[in-house]
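So this one's structure_26.txt, compact mmCIF, C-alpha atoms and all ligand atoms:
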```txt
# COMPACT_ATOMS: atom_id res chain seq x y z
CA MET B 1 3.31 26.38 -2.78
CA MET B 2 1.15 23.27 -2.94
CA LYS B 3 3.04 20.10 -3.84
CA THR B 4 1.67 16.93 -5.39
CA ILE B 5 3.93 13.88 -5.14
CA ALA B 6 3.47 10.25 -6.23
CA PHE B 7 5.47 7.62 -4.29
CA THR B 8 6.19 4.91 -6.80
CA ASN B 9 8.05 1.78 -7.85
CA GLN B 10 6.42 -1.09 -9.71
CA LYS B 11 8.44 -3.42 -7.54
CA GLY B 12 6.46 -4.59 -4.51
CA GLY B 13 7.43 -4.31 -0.86
CA VAL B 14 10.09 -1.60 -1.19
CA GLY B 15 8.58 0.82 1.35
CA LYS B 16 6.25 3.00 -0.74
CA THR B 17 3.35 2.84 1.71
CA THR B 18 5.57 3.17 4.79
CA SER B 19 7.22 6.22 3.21
CA THR B 20 3.96 7.87 2.11
CA ILE B 21 2.48 7.53 5.61
CA ASN B 22 5.52 8.64 7.57
CA VAL B 23 6.63 11.44 5.26
CA GLY B 24 3.03 12.66 5.40
CA ALA B 25 3.01 12.45 9.19
CA GLY B 26 6.44 14.12 9.33
CA LEU B 27 5.28 17.04 7.17
CA CYS B 28 2.16 17.32 9.32
CA ARG B 29 4.39 17.62 12.41
CA GLU B 30 6.14 20.49 10.63
CA GLY B 31 2.79 22.29 10.49
CA LYS B 32 1.90 21.43 6.89
CA LYS B 33 -1.59 20.51 5.72
CA VAL B 34 -1.32 17.02 4.27
CA LEU B 35 -3.61 14.71 2.28
CA LEU B 36 -2.59 11.08 1.73
CA VAL B 37 -4.22 9.39 -1.26
CA ASP B 38 -4.32 5.59 -1.18
CA LEU B 39 -4.39 4.53 -4.83
CA ASP B 40 -3.53 0.88 -4.22
CA PRO B 41 -6.36 -1.72 -4.28
CA GLN B 42 -4.45 -3.54 -1.51
CA ALA B 43 -5.47 -0.53 0.66
CA ASN B 44 -2.40 -1.00 2.87
CA LEU B 45 -2.11 2.70 3.63
CA THR B 46 -5.77 2.91 4.62
CA TYR B 47 -5.64 -0.09 6.96
CA SER B 48 -2.25 0.82 8.38
CA LEU B 49 -3.98 3.80 9.94
CA ARG B 50 -7.51 2.51 10.45
CA LYS B 51 -8.83 -0.73 11.89
CA SER B 52 -10.07 -3.03 9.14
CA SER B 53 -12.99 -4.13 11.31
CA ASN B 54 -14.45 -0.67 10.70
CA ARG B 55 -15.15 -1.48 7.09
CA LEU B 56 -15.40 1.66 5.05
CA GLU B 57 -18.64 2.41 3.27
CA THR B 58 -16.97 4.30 0.48
CA SER B 59 -13.51 4.81 -0.96
CA ILE B 60 -11.56 6.45 -3.75
CA TYR B 61 -13.16 3.87 -6.03
CA ASP B 62 -16.58 5.50 -5.58
CA VAL B 63 -14.96 8.90 -6.14
CA MET B 64 -13.35 7.74 -9.39
CA LYS B 65 -16.64 6.16 -10.48
CA GLY B 66 -18.31 9.55 -9.99
CA ARG B 67 -20.70 8.23 -7.33
CA ILE B 68 -19.61 10.58 -4.53
CA GLU B 69 -17.56 13.71 -4.04
CA PRO B 70 -14.02 13.21 -2.67
CA GLU B 71 -14.85 15.15 0.54
CA GLU B 72 -17.51 12.55 1.38
CA THR B 73 -15.01 9.74 1.91
CA LEU B 74 -12.17 11.64 3.61
CA ILE B 75 -10.88 10.23 6.91
CA SER B 76 -8.81 12.29 9.29
CA HIS B 77 -5.96 10.90 11.36
CA ASN B 78 -4.36 13.11 14.04
CA GLY B 79 -3.90 16.19 11.92
CA PHE B 80 -3.79 14.90 8.37
CA ASP B 81 -6.40 13.55 5.94
CA ILE B 82 -6.63 10.27 4.03
CA LEU B 83 -8.52 9.49 0.86
CA PRO B 84 -8.97 5.76 1.51
CA SER B 85 -8.80 2.85 -0.90
CA SER B 86 -10.63 -0.46 -1.01
CA ILE B 87 -10.44 -3.78 -2.77
CA ASP B 88 -13.18 -2.52 -5.14
CA LEU B 89 -10.44 -0.56 -6.87
CA SER B 90 -8.89 -3.79 -8.15
CA GLY B 91 -11.38 -3.87 -11.02
CA ALA B 92 -10.64 -0.28 -12.00
CA GLU B 93 -8.13 -1.11 -14.73
CA MET B 94 -10.80 -3.04 -16.63
CA GLU B 95 -13.73 -0.82 -15.71
CA PHE B 96 -12.13 2.43 -16.78
CA ALA B 97 -10.40 0.94 -19.84
CA ASN B 98 -12.93 2.33 -22.31
CA GLU B 99 -13.53 5.69 -20.67
CA PRO B 100 -12.39 8.72 -22.58
CA ALA B 101 -9.52 10.54 -20.81
CA ARG B 102 -9.23 7.57 -18.46
CA GLU B 103 -5.78 8.70 -17.31
CA ASN B 104 -7.22 12.03 -16.09
CA ILE B 105 -9.90 10.71 -13.74
CA LEU B 106 -7.92 11.15 -10.51
CA LYS B 107 -6.52 14.54 -11.49
CA ASN B 108 -10.05 15.87 -12.12
CA LYS B 109 -11.35 14.42 -8.86
CA LEU B 110 -8.48 15.89 -6.82
CA ALA B 111 -8.90 19.36 -8.35
CA PRO B 112 -11.05 20.72 -5.46
CA PHE B 113 -8.25 19.74 -3.04
CA TYR B 114 -5.40 21.51 -4.79
CA ASP B 115 -5.83 24.76 -2.85
CA LYS B 116 -6.71 23.11 0.49
CA TYR B 117 -3.45 21.30 1.23
CA ASP B 118 0.27 22.04 1.25
CA TYR B 119 1.08 18.46 0.24
CA ILE B 120 -0.93 15.79 -1.56
CA LEU B 121 0.99 12.49 -1.41
CA ILE B 122 -0.18 9.53 -3.50
CA ASP B 123 0.72 5.94 -2.59
CA CYS B 124 0.92 4.00 -5.88
CA PRO B 125 0.24 0.28 -6.41
CA PRO B 126 3.19 -1.97 -7.37
CA ASN B 127 2.58 -1.91 -11.12
CA LEU B 128 2.58 0.50 -14.03
CA GLY B 129 -1.11 0.12 -14.90
CA LEU B 130 -3.91 2.63 -15.28
CA LEU B 131 -4.04 3.61 -11.60
CA THR B 132 -0.34 4.51 -11.59
CA LEU B 133 -0.86 6.46 -14.84
CA ASN B 134 -3.66 8.34 -13.09
CA ALA B 135 -1.25 9.20 -10.26
CA PHE B 136 1.42 10.36 -12.74
CA THR B 137 -1.14 12.55 -14.51
CA ALA B 138 -2.30 14.14 -11.25
CA VAL B 139 1.11 15.13 -9.81
CA LYS B 140 4.01 17.45 -10.53
CA GLU B 141 6.57 15.31 -8.71
CA VAL B 142 7.49 11.65 -8.45
CA PHE B 143 9.52 10.13 -5.63
CA ILE B 144 10.93 6.72 -6.52
CA VAL B 145 11.24 4.49 -3.47
CA LEU B 146 14.12 2.01 -3.65
CA GLN B 147 15.13 -0.77 -1.33
CA ALA B 148 18.89 -0.77 -0.74
CA GLU B 149 19.22 -4.38 -1.88
CA TYR B 150 20.58 -6.26 -4.86
CA LEU B 151 18.46 -5.59 -7.99
CA ALA B 152 17.24 -2.25 -6.57
CA LEU B 153 17.72 -0.65 -9.98
CA HIS B 154 16.31 -3.59 -11.88
CA GLY B 155 13.21 -2.54 -13.83
CA LEU B 156 13.89 1.16 -13.30
CA SER B 157 14.46 1.83 -17.00
CA LYS B 158 10.86 0.73 -17.65
CA LEU B 159 9.60 3.07 -14.92
CA MET B 160 11.62 5.99 -16.35
CA GLU B 161 10.30 5.20 -19.83
CA VAL B 162 6.69 5.30 -18.62
CA ILE B 163 7.28 8.63 -16.83
CA GLN B 164 8.82 10.02 -20.04
CA VAL B 165 5.79 8.93 -22.09
CA VAL B 166 3.46 10.52 -19.50
CA LYS B 167 5.49 13.72 -19.74
CA GLU B 168 5.20 13.78 -23.52
CA ARG B 169 1.53 12.85 -23.79
CA LEU B 170 -0.33 13.57 -20.56
CA ASN B 171 1.50 15.76 -18.09
CA PRO B 172 4.37 18.00 -19.25
CA ASP B 173 4.98 19.15 -15.65
CA ILE B 174 5.94 15.75 -14.22
CA GLU B 175 9.48 15.42 -12.82
CA ILE B 176 11.30 12.75 -10.85
CA SER B 177 12.32 15.00 -8.00
CA GLY B 178 13.45 12.61 -5.27
CA ILE B 179 14.82 9.14 -4.65
CA ILE B 180 14.14 7.59 -1.25
CA CYS B 181 16.40 4.70 -0.16
CA THR B 182 14.73 2.45 2.39
CA LEU B 183 15.48 -0.67 4.43
CA PHE B 184 19.11 0.41 4.71
CA ASP B 185 21.38 -1.69 6.90
CA GLY B 186 24.76 0.02 7.33
CA ARG B 187 26.34 -3.21 8.58
CA LYS B 188 25.93 -4.78 5.18
CA ASN B 189 28.56 -3.82 2.62
CA LEU B 190 26.13 -4.74 -0.11
CA ASN B 191 23.64 -2.10 1.09
CA LYS B 192 26.33 0.60 0.94
CA GLU B 193 27.37 -0.51 -2.53
CA VAL B 194 23.78 -0.39 -3.72
CA VAL B 195 23.30 3.13 -2.31
CA ASP B 196 26.55 4.23 -4.07
CA HIS B 197 25.18 2.78 -7.26
CA ILE B 198 21.83 4.57 -6.81
CA GLN B 199 23.71 7.84 -6.17
CA ASP B 200 25.82 7.35 -9.32
CA TYR B 201 22.64 6.82 -11.30
CA PHE B 202 20.44 9.60 -9.88
CA GLY B 203 23.02 12.07 -8.49
CA GLU B 204 21.67 14.78 -6.22
CA LYS B 205 18.08 13.60 -6.54
CA VAL B 206 18.84 10.96 -3.91
CA PHE B 207 17.82 12.22 -0.48
CA ASP B 208 20.70 12.36 2.01
CA THR B 209 18.54 10.68 4.63
CA LEU B 210 18.65 6.90 4.30
CA ILE B 211 15.73 5.11 5.93
CA ARG B 212 17.21 2.38 8.07
CA ASP B 213 15.85 -1.10 8.45
CA ASN B 214 13.90 -0.69 11.69
CA VAL B 215 11.43 -3.13 13.16
CA ALA B 216 9.26 -0.38 14.68
CA LEU B 217 8.38 0.72 11.14
CA ALA B 218 7.05 -2.77 10.42
CA GLU B 219 5.17 -2.92 13.74
CA ALA B 220 3.45 0.48 13.66
CA PRO B 221 0.78 -0.47 11.03
CA SER B 222 -0.62 -3.28 13.19
CA HIS B 223 -1.28 -0.64 15.87
CA HIS B 224 -2.82 1.69 13.25
CA LYS B 225 -0.21 4.31 14.07
CA THR B 226 2.38 6.40 12.30
CA ILE B 227 5.95 5.83 13.46
CA PHE B 228 5.80 9.10 15.45
CA GLU B 229 2.78 7.86 17.39
CA TYR B 230 4.04 4.29 17.79
CA ASP B 231 7.68 4.84 18.77
CA PRO B 232 8.89 8.43 18.56
CA ASN B 233 12.40 7.48 19.73
CA SER B 234 12.97 4.76 17.12
CA HIS B 235 15.44 5.01 14.26
CA GLY B 236 12.42 4.92 11.96
CA ALA B 237 10.93 8.06 13.56
CA LYS B 238 14.30 9.86 13.44
CA ASP B 239 14.87 8.92 9.80
CA TYR B 240 11.39 9.92 8.61
CA ALA B 241 11.58 13.18 10.59
CA ALA B 242 14.90 13.97 8.88
CA LEU B 243 13.58 12.99 5.46
CA SER B 244 10.45 15.12 5.94
CA ARG B 245 12.63 18.12 6.83
CA GLU B 246 14.72 17.53 3.72
CA ILE B 247 11.58 17.40 1.59
CA ARG B 248 10.15 20.53 3.20
CA ASN B 249 13.39 22.40 2.64
CA GLY B 250 13.26 21.39 -1.02
CA GLN B 251 16.75 19.90 -1.02
CA VAL B 252 16.24 18.56 -4.52
N1 LIG B 301 12.63 0.76 6.95
C1 LIG B 301 11.94 -0.36 7.23
N2 LIG B 301 12.40 -1.21 8.19
C2 LIG B 301 11.74 -2.37 8.46
N3 LIG B 301 10.61 -2.74 7.83
C3 LIG B 301 10.10 -1.94 6.87
C4 LIG B 301 10.74 -0.70 6.53
N4 LIG B 301 10.01 -0.11 5.54
C5 LIG B 301 8.98 -0.93 5.28
N5 LIG B 301 9.02 -2.03 6.08
C6 LIG B 301 8.10 -3.18 6.04
O1 LIG B 301 8.31 -3.84 4.81
C7 LIG B 301 7.07 -4.25 4.25
C8 LIG B 301 6.87 -3.57 2.88
O2 LIG B 301 6.75 -2.16 3.10
P1 LIG B 301 5.62 -1.31 2.35
O3 LIG B 301 4.28 -1.94 2.52
O4 LIG B 301 5.77 0.10 2.78
O5 LIG B 301 6.11 -1.48 0.85
P2 LIG B 301 5.32 -1.13 -0.49
O6 LIG B 301 6.34 -0.77 -1.50
O7 LIG B 301 4.25 -0.15 -0.22
O8 LIG B 301 4.67 -2.54 -0.84
P3 LIG B 301 3.57 -2.82 -2.00
O9 LIG B 301 4.35 -2.78 -3.27
O10 LIG B 301 3.03 -4.18 -1.68
O11 LIG B 301 2.55 -1.75 -1.91
C9 LIG B 301 6.00 -3.89 5.25
O12 LIG B 301 5.77 -4.99 6.08
C10 LIG B 301 6.64 -2.77 6.05
O13 LIG B 301 6.11 -2.67 7.36
MG MG B 302 2.20 -0.29 -0.66
```
As structure tokens, please, write out the structure in this file.
Amino acid sequence: MMKTIAFTNQKGGVGKTTSTINVGAGLCREGKKVLLVDLDPQANLTYSLRKSSNRLETSIYDVMKGRIEPEETLISHNGFDILPSSIDLSGAEMEFANEPARENILKNKLAPFYDKYDYILIDCPPNLGLLTLNAFTAVKEVFIVLQAEYLALHGLSKLMEVIQVVKERLNPDIEISGIICTLFDGRKNLNKEVVDHIQDYFGEKVFDTLIRDNVALAEAPSHHKTIFEYDPNSHGAKDYAALSREIRNGQV
């Protein structure tokens, strides 16, 4: 069955983009057909996999504006597809503000893809604005990405509140179905305490696989590679392979 998942947290720098890319690549290695949607005007996902010197002519912005069809701007990367973003998207909040059904734009644009992929993974920007609402309207599942550091749970009640409002008003199917803990350092007691705390809060929704702090994960984007292409023997590759298996097996 096709799955649509938004990777989210309004907090910046917690590993949303790294997780979207490497879970996508991991699922692709398991033989799944995967589309990654870059919904962040920072376009980090896009340029982590593609050289920025090759400036893109079009992006998801043009798709959401109705200028082109989504197929026209797809990029493929070693077995999976990317719907790229661009800085143009940064004006979207204002530009779409007066459109009717402005929260449904992405969902409508992705509709032709729903029977072409096994997984559509959306990388959300670090805020709870209109683009994130578009992601929440387009998906059935949300994965919250948390950094195993102090204040990891800070601001989460706001995120949960927004998801609840989306469920009531825009998308009754939406569920928080997974919690990904990243940047885990087992040598730090604090990290373990934070993960315990996250598990107390979310119970079995927390994936068993903890993504360790691993420098190869931070290096791979500058080589425009997934972790499996950049360093297949790294902890990062092992962790994202294990997490992808857990997701495929529908542990939660
Ligand atoms: N497990 C990890 N180990 C080491 N570095 C990591 C790990 N995960 C992510 N990073 C690095 O941390 C930084 C933030 O990660 P990432 O861009 O994935 O976060 P994000 O939540 O998408 O950020 P933003 O909110 O700005 O979109 C990046 O430089 C990334 O390479
Ligand atoms: Mg990001």
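Where the distance criterion is 6 Å and the atoms used are only C-alpha atoms and all ligand atoms, the residues close to ligand LIG 301 (chain B) are Lys11, Gly12, Gly13, Val14, Gly15, Lys16, Thr17, Thr18, Pro125, Pro126, Thr182, Leu183, Ile211, Arg212, Asp213, Asn214, Val215, Leu217 and Ala218 of chain B.
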Store the residues picked out above, limited to C-alpha atoms, as a short mmCIF file (atom, residue, chain, number, x, y, z; two decimals), in the frame of the given file.
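This went into again-v4.cif:
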```
data_model
loop_
_atom_site.label_atom_id
_atom_site.label_comp_id
_atom_site.auth_asym_id
_atom_site.auth_seq_id
_atom_site.Cartn_x
_atom_site.Cartn_y
_atom_site.Cartn_z
CA LYS B 11 8.44 -3.42 -7.54
CA GLY B 12 6.46 -4.59 -4.51
CA GLY B 13 7.43 -4.31 -0.86
CA VAL B 14 10.09 -1.60 -1.19
CA GLY B 15 8.58 0.82 1.35
CA LYS B 16 6.25 3.00 -0.74
CA THR B 17 3.35 2.84 1.71
CA THR B 18 5.57 3.17 4.79
CA PRO B 125 0.24 0.28 -6.41
CA PRO B 126 3.19 -1.97 -7.37
CA THR B 182 14.73 2.45 2.39
CA LEU B 183 15.48 -0.67 4.43
CA ILE B 211 15.73 5.11 5.93
CA ARG B 212 17.21 2.38 8.07
CA ASP B 213 15.85 -1.10 8.45
CA ASN B 214 13.90 -0.69 11.69
CA VAL B 215 11.43 -3.13 13.16
CA LEU B 217 8.38 0.72 11.14
CA ALA B 218 7.05 -2.77 10.42
#
```
Go through B:Leu45, B:Ile82, B:Ala6, B:Ala97 and flag the residue nearest ligand MG 302 (chain B), using all atoms listed in the file for the distances.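 Among the listed residues, the smallest separation from ligand MG 302 (chain B) belongs to B:Leu45.
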Grab the atom CA of Leu74 of chain B to atom CA of Thr132 of chain B distance for me, in Å with one decimal place. 20.5 Å
Between B:Thr8, B:Ser244, B:Ser86, B:Asn44, which has the minimum distance to Ile122 of chain B (counting only C-alpha atoms)?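 Smallest distance to Ile122 of chain B is found for B:Thr8.
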Show which residues sit within 10 Å of Asn78 of chain B, as a ChimeraX atom specification. Count only C-alpha atoms, and ignore same-chain residues fewer than 3 positions away. /B:25,28-29,81,225-226,229
If you count only C-alpha atoms, which residues fall within 7 Å of Tyr119 of chain B, apart from same-chain ones fewer than 6 positions away, as a PyMOL selection string? chain B and resi 2-4+33-35
Please, could you write that set of residues out with C-alpha atoms as a compact mmCIF listing (two decimals), keeping the file's coordinate frame?
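Final output, saved to out-v8.txt:
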```
# COMPACT_ATOMS: atom_id res chain seq x y z
CA MET B 2 1.15 23.27 -2.94
CA LYS B 3 3.04 20.10 -3.84
CA THR B 4 1.67 16.93 -5.39
CA LYS B 33 -1.59 20.51 5.72
CA VAL B 34 -1.32 17.02 4.27
CA LEU B 35 -3.61 14.71 2.28
```
Separation of atom CA of Ile60 of chain B from atom CA of Ala216 of chain B, in Å and rounded to one decimal: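 A separation of 28.6 Å between them.
Closest to Asp123 of chain B among B:Tyr230, B:Leu39, B:Leu159, B:Thr46 is B:Leu39, based on all atoms listed in the file.
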Nearest to ligand MG 302 (chain B) among B:Gly66, B:Val194, B:Gln199, B:Pro221, with distances taken over only C-alpha atoms and all ligand atoms: which residue is it?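 Among the listed residues, the smallest separation from ligand MG 302 (chain B) belongs to B:Pro221.
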Go ahead and compute the interatomic distance for atom CA of Ala242 of chain B and atom CA of Ile163 of chain B, in Å to one decimal.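 So the answer is 27.3 Å.
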Which is closer to ligand MG 302 (chain B) than all the others in B:Thr137, B:Ser76, B:Asn108, B:Asn127, using all atoms listed in the file?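 Looking at the shortest contact to ligand MG 302 (chain B), the residue is B:Asn127.
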Nearby residues (all atoms listed in the file) at most 8 Å from Val206 of chain B, same-chain spacing under 3 positions excluded, as a ChimeraX atom specification: /B:178-181,198-199,202-203
What's the 8 Å shell around Arg245 of chain B, counting all atoms listed in the file, without same-chain residues fewer than 5 positions away, as a PyMOL selection string? chain B and resi 26-27+30
Using all atoms listed in the file for the distances, tell me which of B:Ala43, B:Ile144, B:Leu151, B:Ala138 is nearest to Asp173 of chain B. B:Ala138
Once 6 Å is added on each side, what centre and edge lengths in Å to one decimal does the axis-aligned box around all listed atoms of segment 151-170 of chain B have, as AutoDock Vina command-line options?
```
--center_x 9.1 --center_y 4.1 --center_z -15.2 --size_x 30.8 --size_y 31.4 --size_z 29.2
```
Within 12 Å of file point (-13.7, 9.6, 6.6), counting only C-alpha atoms, expressed as a PyMOL selection string: chain B and resi 46+49-50+54-60+70-77+80-85
